[in-house]
Every structure is written in C-alpha cells, then in structure tokens.
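Quick notes on the structure that follows.
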Amino acid sequence: MPELPEVETVARRLAAHATGRRILAVHVLDEKQDGVALARLVGNRIATVRRMGKQCVLELRRPRRRHVERYLAVHLRMTGHLYWADALPDDVRHLRVRLDLDRGMVLFEDLRRFGRLTVHEDLASLEPVGLDPTTADFTTAALHRLLADSRQPIKPWLLRQDRLVGLGNIYASEILFAARILPDRAAGSLDAGERRRLHRATRQILRRAIDAAGTTYYALEAGRRVRGTFREQLAVYGQDGDACRRCGEPVRRSVQAQRSTYYCAGCQE
DNA sequence: ACCCTCCTGTCA
DNA sequence: TGACAGGAGGGT
C-alpha cells in the first residue's frame with residue numbers, strides 16, 4: 001500500500017493514537033524481520049510519528065534518558081500495512097509484527113513480506129535523497145533542475161526515489177494523465193509549459209489522494225475497517241479498455257521498466 | 001535498456 | 001496454469 005499518500009495517512013493516524021505510548025512488548029511473527037533489533041524497543045516511548053519519503057518513522061525516547069533517541073522506520077513496500085488498534089483484528093493471517101503498548105497495539109501486516117522494520121540511532125541515515133514533492137522546496141524550478149537533460153522516459157523517471165520521493169506506480173500514471181504528458185516522453189525533453197503542468201499535477205494529485213486517505217490504505221478504527229477512497233478518483237490506473245473521461249478514447253496499458261503504465265493516447269502528448 | 005529476485009495471493 | 005500485483009535492489 002505504499003506510496004506517499006498512503007504512508008502520510010499511516011503516519012497521521014499512528015501519531016494520533018500512539019504518541020506518548022510506551023512499548024511494553026514486541027512480538028515478531030516473521031523470521032525475515034530483525035527480531036533482535038526489534039526486541040530492544042521494549043521500554044521505549046513513542047515521541048512522534050512522521051513520514052520520510054515512503055517510510056513511516058517512529059521517534060522513540062528511551063526511559064530515563066532525555067536526549068538519547070532511537071528510530072523505528074517502517075517501509076511498507078508492496079503490501080505492508082501499519083496501524084494502531086485497541087484489539088487484535090479477526091484475521092491475523094498476515095500479521096508480522098506486533099508492538100504491545102500501555103494502551104492498544106501497533107500492528108504490522110504484510111501479505112508478501114517485502115516490508116521492513118529497521119531500528120536506527122540517528123535520523124540522518126533515514127533522510128531521503130530525493131525531494132519531497134509535498135514540501136515548499138518542490139517548485140517548477142526545482143523540478144526543472146531535477147529533470148535536467150535526462151533521456152529516461154518520464155514515467156519510470158517519476159518512480160526514481162533519488163529524484164522525487166513518494167511517487168509509485170499508481171500516482172505516476174495518474175499524474176501524467178492529469179498533466180497530459182505521454183509516459184514515454186524523455187524526462188529532459190519537457191518544455192516549460194509541460195514542466196509547469198507536471199508540477200501542478202503532481203501537487204494536485206498528491207493533495208487529493210492525501211485528502212482521500214490514499215488508494216490502497218486500510219486500517220482498523222474502533223474495530224471497523226476503514227480505507228482510503230482515492231480509488232474512486234482514479235482516471236487511468238487499472239482502467240485499460242475503459243473510455244477516457246476526458247476524450248472518450250480507450251485507456252491503454254503499456255509496460256515500462258517491467259511495470260504497468262496506464263495512459264490515454266488521445267489526450268496525452 | 002533488459003533481466004531476475006524477494007513473497008503470497010487473486011483473477012482470467 | 002500463467003499473468004499480474006502498491007517496491008526496490010541486484011546483475012548484465
């Protein structure tokens with residue numbers, strides 16, 4: 001479930017429920033996770049929760065040590081889910097890690113087990129290389145500098161976390177549709193007007209997706225499953241064969257860098 | 001640019 | 001039975 005809007009939602013919900021809570025026990029149910037590192041979190045208190053790139057980072061305070069900090073970073077990869085709950089859900093088949101708190105618990109579920117929980121002693125090692133497109137630093141000029149003279153097709157370019165952080169396969173297609181730019185255009189070939197449209201579309205799609213709590217997000221709230229609703233606003237992703245909502249041409253699917261891309265050849269140039 | 005791997009599941 | 005799935009890292 002992991003693109004920027006989903007991780008942003010995860011971090012906000014977790015912050016609302018888990019801030020100030022103390023970790024009483026850690027249960028690691030997947031041998032691929034670092035049980036030794038995670039066991040050391042027992043006794044720590046959750047100070048803040050934030051999103052950094054596509055990772056959800058819990059800042060922890062160790063007991064009786066005001067300034068010594070520690071960070072738990074969670075990368076959800078393809079199918080990870082992370083949320084607070086006051087009781088275990090009915091279906092725990094994909095539960096991989098459980099943090100018992102002094103009130104409730106933090107659950108990490110992951111069907112495909114690609115996600116990773118890592119423990120860090122400083123924030124610097126977690127700082128993403130790429131620019132976060134939701135920040136004020138993301139300007140058309142900054143985008144221009146990043147695109148530079150790249151000959152890479154713009155769709156796979158948008159997935160590069162060393163340029164912009166947070167975009168994934170769903171939002172890359174949606175952003176290019178909104179910007180009316182074909183996904184196979186060379187990143188460095190966009191003219192000033194196209195760069196402006198790309199910048200604007202990136203901010204707009206991410207804003208709407210965050211407001212909708214994402215496309216693939218789900219969690220438990222008061223015992224009920226809640227999920228993001230951006231799926232209802234998708235214009236092209238997963239819609240090949242359907243009529244384009246803008247021009248009526250059929251939406252197409254192609255493959256770039258081994259990933260599906262969805263676009264409309266009628267109104268994207 | 002291409003290929004593959006890590007995993008487990010759903011769908012045509 | 002095979003194709004494909006929110007990500008990313010590796011190899012050639």
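Chain labels A, B, ... are given in the sequence in which chains occur in the structure tokens; within each chain residues are numbered consecutively from 1, and ligands are likewise numbered from 1 in the order shown.
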Could you find all residues in region 143-248 of chain A that DSSP calls alpha helix (DSSP H) from the backbone, and write them as JSON, numbers by chain?
{"A": [143, 144, 145, 146, 147, 154, 155, 156, 157, 158, 169, 170, 171, 172, 173, 174, 175, 176, 177, 178, 179, 192, 193, 194, 195, 196, 197, 198, 199, 200, 201, 202, 203, 204, 205, 206, 207, 208, 209, 210, 211]}
I need the chosen residues saved as a CSV table (one decimal), in the first residue's frame, with N, CA and C atoms.
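Below you can see out-v2.csv, which holds the result:
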```csv
chain,number,residue,atom,x,y,z
A,143,LEU,N,12.0,21.3,-10.0
A,143,LEU,CA,11.6,20.1,-10.9
A,143,LEU,C,12.5,20.2,-12.2
A,144,HIS,N,12.6,21.4,-12.7
A,144,HIS,CA,13.4,21.7,-13.9
A,144,HIS,C,14.8,21.2,-13.7
A,145,ARG,N,15.4,21.5,-12.6
A,145,ARG,CA,16.8,21.1,-12.3
A,145,ARG,C,16.9,19.6,-12.2
A,146,LEU,N,15.9,19.0,-11.6
A,146,LEU,CA,16.0,17.5,-11.5
A,146,LEU,C,15.8,16.8,-12.8
A,147,LEU,N,14.9,17.3,-13.6
A,147,LEU,CA,14.7,16.7,-14.9
A,147,LEU,C,16.0,16.8,-15.8
A,154,ILE,N,9.6,9.6,-18.9
A,154,ILE,CA,9.2,10.3,-17.7
A,154,ILE,C,8.4,9.4,-16.7
A,155,LYS,N,7.7,8.4,-17.2
A,155,LYS,CA,7.0,7.6,-16.2
A,155,LYS,C,8.0,6.8,-15.3
A,156,PRO,N,8.9,6.0,-15.8
A,156,PRO,CA,9.9,5.4,-14.8
A,156,PRO,C,10.7,6.5,-14.1
A,157,TRP,N,10.9,7.6,-14.7
A,157,TRP,CA,11.7,8.7,-14.0
A,157,TRP,C,10.9,9.1,-12.7
A,158,LEU,N,9.6,9.2,-12.8
A,158,LEU,CA,8.8,9.6,-11.7
A,158,LEU,C,8.9,8.6,-10.5
A,169,ASN,N,3.6,3.5,-8.6
A,169,ASN,CA,3.1,3.1,-9.9
A,169,ASN,C,1.7,3.7,-10.1
A,170,ILE,N,0.9,3.8,-9.1
A,170,ILE,CA,-0.5,4.3,-9.3
A,170,ILE,C,-0.4,5.8,-9.6
A,171,TYR,N,0.3,6.6,-8.7
A,171,TYR,CA,0.2,8.1,-8.9
A,171,TYR,C,1.1,8.5,-10.0
A,172,ALA,N,2.1,7.8,-10.4
A,172,ALA,CA,2.9,8.2,-11.6
A,172,ALA,C,2.0,8.3,-12.8
A,173,SER,N,1.2,7.2,-13.1
A,173,SER,CA,0.2,7.3,-14.2
A,173,SER,C,-0.8,8.3,-14.1
A,174,GLU,N,-1.4,8.5,-12.9
A,174,GLU,CA,-2.4,9.5,-12.6
A,174,GLU,C,-1.9,10.9,-12.9
A,175,ILE,N,-0.7,11.2,-12.4
A,175,ILE,CA,-0.1,12.5,-12.5
A,175,ILE,C,0.2,12.8,-14.0
A,176,LEU,N,0.7,11.9,-14.8
A,176,LEU,CA,1.0,12.1,-16.2
A,176,LEU,C,-0.3,12.3,-17.0
A,177,PHE,N,-1.4,11.6,-16.6
A,177,PHE,CA,-2.7,11.8,-17.2
A,177,PHE,C,-3.2,13.3,-16.9
A,178,ALA,N,-3.1,13.6,-15.7
A,178,ALA,CA,-3.5,15.0,-15.3
A,178,ALA,C,-2.7,16.1,-16.0
A,179,ALA,N,-1.4,15.8,-16.2
A,179,ALA,CA,-0.5,16.8,-16.9
A,179,ALA,C,-0.6,16.7,-18.4
A,192,ALA,N,8.8,24.2,-21.1
A,192,ALA,CA,8.4,24.9,-19.8
A,192,ALA,C,7.0,24.7,-19.5
A,193,GLY,N,6.1,24.7,-20.5
A,193,GLY,CA,4.7,24.6,-20.2
A,193,GLY,C,4.4,23.2,-19.7
A,194,GLU,N,5.0,22.2,-20.2
A,194,GLU,CA,4.8,20.8,-19.8
A,194,GLU,C,5.4,20.6,-18.4
A,195,ARG,N,6.5,21.2,-18.1
A,195,ARG,CA,7.0,21.1,-16.7
A,195,ARG,C,6.1,21.8,-15.7
A,196,ARG,N,5.5,22.9,-16.1
A,196,ARG,CA,4.5,23.6,-15.2
A,196,ARG,C,3.3,22.7,-15.0
A,197,ARG,N,2.9,22.0,-16.0
A,197,ARG,CA,1.7,21.1,-15.9
A,197,ARG,C,2.1,19.9,-15.0
A,198,LEU,N,3.3,19.4,-15.2
A,198,LEU,CA,3.7,18.2,-14.4
A,198,LEU,C,3.8,18.6,-12.9
A,199,HIS,N,4.4,19.8,-12.7
A,199,HIS,CA,4.5,20.2,-11.3
A,199,HIS,C,3.1,20.4,-10.6
A,200,ARG,N,2.2,21.1,-11.4
A,200,ARG,CA,0.9,21.3,-10.9
A,200,ARG,C,0.1,20.0,-10.6
A,201,ALA,N,0.2,19.1,-11.6
A,201,ALA,CA,-0.5,17.8,-11.5
A,201,ALA,C,0.0,17.0,-10.3
A,202,THR,N,1.4,17.0,-10.1
A,202,THR,CA,1.9,16.3,-9.0
A,202,THR,C,1.4,16.8,-7.7
A,203,ARG,N,1.4,18.1,-7.5
A,203,ARG,CA,0.9,18.6,-6.2
A,203,ARG,C,-0.6,18.3,-6.1
A,204,GLN,N,-1.4,18.5,-7.2
A,204,GLN,CA,-2.8,18.3,-7.1
A,204,GLN,C,-3.2,16.9,-6.8
A,205,ILE,N,-2.6,15.9,-7.5
A,205,ILE,CA,-3.0,14.5,-7.4
A,205,ILE,C,-2.6,14.1,-5.9
A,206,LEU,N,-1.4,14.5,-5.5
A,206,LEU,CA,-1.0,14.1,-4.1
A,206,LEU,C,-1.9,14.7,-3.1
A,207,ARG,N,-2.3,15.9,-3.3
A,207,ARG,CA,-3.2,16.6,-2.3
A,207,ARG,C,-4.5,15.9,-2.2
A,208,ARG,N,-5.1,15.6,-3.4
A,208,ARG,CA,-6.4,14.9,-3.4
A,208,ARG,C,-6.3,13.5,-2.8
A,209,ALA,N,-5.2,12.8,-3.1
A,209,ALA,CA,-5.0,11.4,-2.6
A,209,ALA,C,-4.8,11.4,-1.1
A,210,ILE,N,-4.1,12.4,-0.6
A,210,ILE,CA,-3.9,12.5,0.8
A,210,ILE,C,-5.3,12.8,1.5
A,211,ASP,N,-6.0,13.7,0.9
A,211,ASP,CA,-7.3,14.1,1.4
A,211,ASP,C,-8.3,12.9,1.4
```
List as a list in words the protein and nucleic acid residues near region 98-114 of chain A, meaning an atom at most 6 Å away when only C-alpha atoms (C1' of nucleotides) are counted, but skip any in the same chain fewer than 4 places from it.
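The residues satisfying every condition are Arg22, Ile23, Leu24, Ala25, Val26, His27, Arg77, Thr79, Gly80, His81, Leu82, Tyr83, Trp84, Ala85, Asp86 and His94 of chain A; DC7 and DT8 of chain B.
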Let's see if you can do this: from backbone DSSP, list all strand (DSSP E) residues in region 12-228 of chain A, as an NGL selection string.
:A and (23-28 or 45-52 or 55-61 or 69-75 or 80-85 or 95-101 or 105-110 or 116-120 or 218-221 or 224-227)
Report, in Å to a single decimal, how far apart CA of Pro89 (chain A) and CA of Glu221 (chain A) are.
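If I compute the distance from CA of Glu221 (chain A) to CA of Pro89 (chain A), I get 10.5 Å.
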Neighbour list for DT10 (chain B) as a list in words, cut-off 12 Å, only C-alpha atoms (C1' of nucleotides), skip fewer than 5 positions in-chain
DA3, DC4 and DA5 of chain C
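Residues in contact range of DG10 (chain C), defined as at most 12 Å between only C-alpha atoms (C1' of nucleotides), with sequence neighbours fewer than 2 positions away removed, read DC3, DC4, DT5 and DC6 of chain B; DA8 and DT12 of chain C.
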How about saving the chosen residues, C-alpha atoms (C1' of nucleotides) kept, as a PDB file, in the first residue's frame?
```pdb
ATOM      1  C1'  DC B   3      16.512  -9.496 -16.819  1.00  0.00           C
ATOM      2  C1'  DC B   4      15.729 -11.567 -12.130  1.00  0.00           C
ATOM      3  C1'  DT B   5      14.690 -11.930  -7.059  1.00  0.00           C
ATOM      4  C1'  DC B   6      12.363 -11.310  -2.742  1.00  0.00           C
TER       5       DC B   6
ATOM      6  C1'  DA C   8      13.264  -1.863  -4.598  1.00  0.00           C
ATOM      7  C1'  DT C  12      24.216  -7.912 -17.180  1.00  0.00           C
TER       8       DT C  12
END
```
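The interatomic distance for the pair CA of Glu59 (chain A) and CA of Asp90 (chain A) works out to 29.1 Å.
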Pick the closest to chain C from A:Val7, A:Met52, A:Ala124, A:Leu60: which is it, counting only C-alpha atoms (C1' of nucleotides)?
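When distances to chain C are compared using only C-alpha atoms (C1' of nucleotides), the smallest one comes from A:Val7.
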Please indicate the distance in Å from CA of Ser150 (chain A) to C1' of DA1 (chain B), rounded to one decimal place.
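Value for the CA of Ser150 (chain A)-C1' of DA1 (chain B) distance: 14.1 Å.
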Closest of A:Arg61, A:Arg160, A:Arg227, A:Arg12 to chain C - atom-to-atom distances counting only C-alpha atoms (C1' of nucleotides)
A:Arg160
Need the shell around region 64-74 of chain A: protein/DNA/RNA residues with any atom at most 12 Å away, counting only C-alpha atoms (C1' of nucleotides). Skip same-chain ones fewer than 6 positions apart. Format as a PyMOL selection string?
chain A and resi 2+7+10-11+23+33-34+37-58+80-83+97+99+106-110+114-127
